Amino acid sequence: MRTYVCAVTDVIRSATEADISAIASIYGDAVRSGTASFELEPPTVEEMARRFSVLRAGGYPYLAAVRDDVVVGYAYAGPYHQRAAYRSTLEDSIYVAQAARGGGIGRALLAALITETERIGARSIVAVIAESDSSASVALHAGLGFTPVGTLAGVGYKHDRWLDVTLMQRSLGPGRSTPPTRA
């Protein structure tokens with residue numbers, strides 16, 4: 001994996017086990033205060049480490065955004081669905097610490113994630129975006145070539161309200177023009 005520089009003090013690199021505590025903290029805040037995740041309780045650091053290990057063992061990219069030696073965001077791609085026919089379609093996840101939002105970290109993470117998913121032979125990447133707080137996430141994805149492909153109405157219930165989900169998709173590499181190369 002290449003290292004990406006997104007600002008003078010920001011670096012996007014492969015996440016490591018040493019980053020899991022910071023990643024769990026960022027995700028825990030997102031679970032508690034937002035709708036980007038439909039989990040209702042933040043997972044433990046141990047559970048986040050398990051999830052990290054599963055994705056890394058599967059060869060999927062998992063990135064960390066670091067500013068002044070502090071993890072301020074992370075992104076990963078994993079299977080869109082488990083069935084074999086979906087093997088070349090991935091789903092992205094991007095989380096940025098509240099204090100670092102609005103400064104380009106999310107865009108840098110997603111751009112690097114797109115490059116890394118193409119590198120492993122993925123042909124399509126899907127974003128599953130909670131509608132109620134999604135304008136920034138939709139704009140982020142649209143700015144990097146994702147197109148809306150549908151909305152699922154009221155499929156999640158969190159913070160005492162029903163939430164829609166917007167699905168966005170982007171082709172990767174040769175897209176659907178040739179058979180998949182991922183095993």
# chains A, B, ... in the order shown; residues from 1 in each chain; ligands from 1
$ select_by_dssp --residues "range 24-147 of chain A" --states "strand (DSSP E)" --output "VMD selection string"
chain A and resid 62 to 67 70 to 79 89 to 96 124 to 130 147
$ select_by_dssp --residues "range 98-133 of chain A" --states "alpha helix (DSSP H)" --output "PyMOL selection string"
chain A and resi 105-119
$ residues_around --residues "Arg170 in chain A" --least-positions-apart "4" --cutoff "10 Å" --atoms "only C-alpha atoms" --output "list of chain:residue names"
A:Thr89, A:Ile114, A:Arg123, A:Ser124, A:Ile125, A:Val126, A:Ala127, A:His141, A:Ala142, A:Leu144, A:Gly145, A:Phe146, A:Thr147, A:Pro148, A:Val149, A:Gly175
$ write_last_selection --atoms "C-alpha atoms" --output "PDB file, in the first residue's frame"
ATOM      1  CA  THR A  89     -18.214  -5.620  -5.408  1.00  0.00           C
ATOM      2  CA  ILE A 114     -10.781   3.790  -4.342  1.00  0.00           C
ATOM      3  CA  ARG A 123     -14.835  -3.796 -10.058  1.00  0.00           C
ATOM      4  CA  SER A 124     -17.510  -1.891  -8.159  1.00  0.00           C
ATOM      5  CA  ILE A 125     -17.810  -0.123  -4.844  1.00  0.00           C
ATOM      6  CA  VAL A 126     -21.076   0.658  -3.074  1.00  0.00           C
ATOM      7  CA  ALA A 127     -21.788   3.324  -0.463  1.00  0.00           C
ATOM      8  CA  HIS A 141     -19.158  10.239  -2.820  1.00  0.00           C
ATOM      9  CA  ALA A 142     -20.602  12.122  -5.819  1.00  0.00           C
ATOM     10  CA  LEU A 144     -15.406  11.013  -6.456  1.00  0.00           C
ATOM     11  CA  GLY A 145     -17.570   9.474  -9.164  1.00  0.00           C
ATOM     12  CA  PHE A 146     -20.300   7.631  -7.263  1.00  0.00           C
ATOM     13  CA  THR A 147     -23.822   7.841  -8.652  1.00  0.00           C
ATOM     14  CA  PRO A 148     -27.083   7.344  -6.742  1.00  0.00           C
ATOM     15  CA  VAL A 149     -28.702   4.004  -7.531  1.00  0.00           C
ATOM     16  CA  GLY A 175     -15.817  -2.256 -14.349  1.00  0.00           C
TER      17      GLY A 175
END
$ residues_around --residues "Leu55 in chain A" --least-positions-apart "6" --cutoff "9 Å" --atoms "only C-alpha atoms" --output "list in words"
Pro61, Tyr62, Tyr76, Ala77, Gly78 and Pro79 of chain A
$ write_last_selection --atoms "N, CA and C atoms" --output "compact mmCIF listing (two decimals), in the first residue's frame"
# COMPACT_ATOMS: atom_id res chain seq x y z
N PRO A 61 -8.63 -3.47 1.90
CA PRO A 61 -7.91 -2.29 2.40
C PRO A 61 -8.57 -1.70 3.64
N TYR A 62 -7.74 -1.29 4.57
CA TYR A 62 -8.19 -0.65 5.81
C TYR A 62 -7.19 0.47 6.07
N TYR A 76 -12.42 1.76 5.30
CA TYR A 76 -12.12 0.40 4.85
C TYR A 76 -13.14 -0.02 3.82
N ALA A 77 -12.79 -1.05 3.07
CA ALA A 77 -13.72 -1.67 2.14
C ALA A 77 -13.81 -3.13 2.52
N GLY A 78 -15.02 -3.65 2.46
CA GLY A 78 -15.25 -5.05 2.75
C GLY A 78 -16.28 -5.59 1.79
N PRO A 79 -16.63 -6.85 1.95
CA PRO A 79 -17.60 -7.44 1.04
C PRO A 79 -18.94 -6.70 1.07
$ residues_around --residues "Leu140 in chain A" --least-positions-apart "3" --cutoff "9 Å" --atoms "only C-alpha atoms" --output "PDB file with C-alpha atoms, in the first residue's frame"
ATOM      1  CA  GLY A 106     -12.942  12.110   4.321  1.00  0.00           C
ATOM      2  CA  ARG A 107     -12.197  12.922   0.691  1.00  0.00           C
ATOM      3  CA  LEU A 110     -12.152   7.813   0.041  1.00  0.00           C
ATOM      4  CA  SER A 135     -25.720  15.592   2.504  1.00  0.00           C
ATOM      5  CA  ALA A 136     -21.969  15.756   3.188  1.00  0.00           C
ATOM      6  CA  SER A 137     -21.511  12.032   2.600  1.00  0.00           C
ATOM      7  CA  GLY A 143     -17.424  14.206  -6.017  1.00  0.00           C
ATOM      8  CA  LEU A 144     -15.406  11.013  -6.456  1.00  0.00           C
ATOM      9  CA  PHE A 146     -20.300   7.631  -7.263  1.00  0.00           C
TER      10      PHE A 146
END
$ residues_around --residues "Tyr60 in chain A" --least-positions-apart "5" --cutoff "12 Å" --atoms "only C-alpha atoms" --output "PDB file with C-alpha atoms, in the first residue's frame"
ATOM      1  CA  MET A   1       0.000   0.000   0.000  1.00  0.00           C
ATOM      2  CA  SER A  14      -2.605   1.331   6.067  1.00  0.00           C
ATOM      3  CA  ALA A  15      -4.164   0.995   9.498  1.00  0.00           C
ATOM      4  CA  ARG A  51     -13.363  -6.964  12.682  1.00  0.00           C
ATOM      5  CA  PHE A  52     -10.085  -5.376  11.590  1.00  0.00           C
ATOM      6  CA  SER A  53      -8.362  -8.771  11.576  1.00  0.00           C
ATOM      7  CA  VAL A  54     -11.130 -10.375   9.495  1.00  0.00           C
ATOM      8  CA  LEU A  55     -10.953  -7.657   6.844  1.00  0.00           C
ATOM      9  CA  ALA A  75     -11.832   3.948   6.036  1.00  0.00           C
ATOM     10  CA  TYR A  76     -12.115   0.397   4.851  1.00  0.00           C
ATOM     11  CA  ALA A  77     -13.725  -1.672   2.141  1.00  0.00           C
ATOM     12  CA  GLY A  78     -15.254  -5.053   2.754  1.00  0.00           C
ATOM     13  CA  PRO A  79     -17.603  -7.444   1.040  1.00  0.00           C
ATOM     14  CA  TYR A  80     -20.845  -5.904  -0.172  1.00  0.00           C
ATOM     15  CA  ARG A  87     -16.775 -11.042  -4.834  1.00  0.00           C
ATOM     16  CA  SER A  88     -15.777  -8.079  -7.019  1.00  0.00           C
ATOM     17  CA  THR A  89     -18.214  -5.620  -5.408  1.00  0.00           C
ATOM     18  CA  LEU A  90     -17.162  -3.974  -2.166  1.00  0.00           C
ATOM     19  CA  GLU A  91     -18.831  -1.638   0.332  1.00  0.00           C
ATOM     20  CA  ASP A  92     -16.987   1.369   1.710  1.00  0.00           C
ATOM     21  CA  SER A  93     -17.021   2.732   5.249  1.00  0.00           C
ATOM     22  CA  LEU A 113      -9.657   3.695  -0.691  1.00  0.00           C
ATOM     23  CA  ILE A 114     -10.781   3.790  -4.342  1.00  0.00           C
ATOM     24  CA  GLU A 116      -6.613   0.478  -3.074  1.00  0.00           C
ATOM     25  CA  THR A 117      -9.834  -1.301  -4.076  1.00  0.00           C
ATOM     26  CA  GLU A 118      -8.836  -1.057  -7.736  1.00  0.00           C
ATOM     27  CA  ARG A 119      -5.407  -2.414  -6.831  1.00  0.00           C
ATOM     28  CA  ILE A 120      -6.965  -5.606  -5.428  1.00  0.00           C
ATOM     29  CA  GLY A 121      -9.107  -6.144  -8.530  1.00  0.00           C
ATOM     30  CA  ALA A 122     -12.504  -4.957  -7.284  1.00  0.00           C
ATOM     31  CA  ARG A 182     -10.942 -11.606  -7.765  1.00  0.00           C
TER      32      ARG A 182
END
$ closest_residue --among "A:Ala18, A:Ala111, A:Ile105, A:Ala130" --to "Glu39 in chain A" --atoms "only C-alpha atoms"
A:Ala130
$ residues_around --residues "Met48 in chain A" --least-positions-apart "6" --cutoff "10 Å" --atoms "only C-alpha atoms" --output "short mmCIF file (atom, residue, chain, number, x, y, z; two decimals) with C-alpha atoms, in the first residue's frame"
data_model
loop_
_atom_site.label_atom_id
_atom_site.label_comp_id
_atom_site.auth_asym_id
_atom_site.auth_seq_id
_atom_site.Cartn_x
_atom_site.Cartn_y
_atom_site.Cartn_z
CA GLU A 17 -3.38 -2.98 15.19
CA ILE A 20 -7.54 0.11 16.81
CA SER A 21 -8.10 1.98 20.07
CA ILE A 23 -10.51 3.76 15.52
CA ALA A 24 -12.84 2.30 18.17
CA SER A 25 -13.12 5.73 19.79
CA TYR A 27 -16.52 4.76 15.64
CA PRO A 42 -20.51 0.95 20.30
CA VAL A 54 -11.13 -10.37 9.49
#
$ closest_residue --among "A:Ser37, A:Glu46, A:Gly58, A:Gln98" --to "Gln82 in chain A" --atoms "only C-alpha atoms"
A:Gly58
$ atom_distance --atom1 "CA of Gln169 in chain A" --atom2 "CA of Arg83 in chain A"
18.4 Å
$ atom_distance --atom1 "CA of Tyr157 in chain A" --atom2 "CA of Gly104 in chain A"
29.5 Å
$ atom_distance --atom1 "CA of Arg32 in chain A" --atom2 "CA of His159 in chain A"
9.2 Å
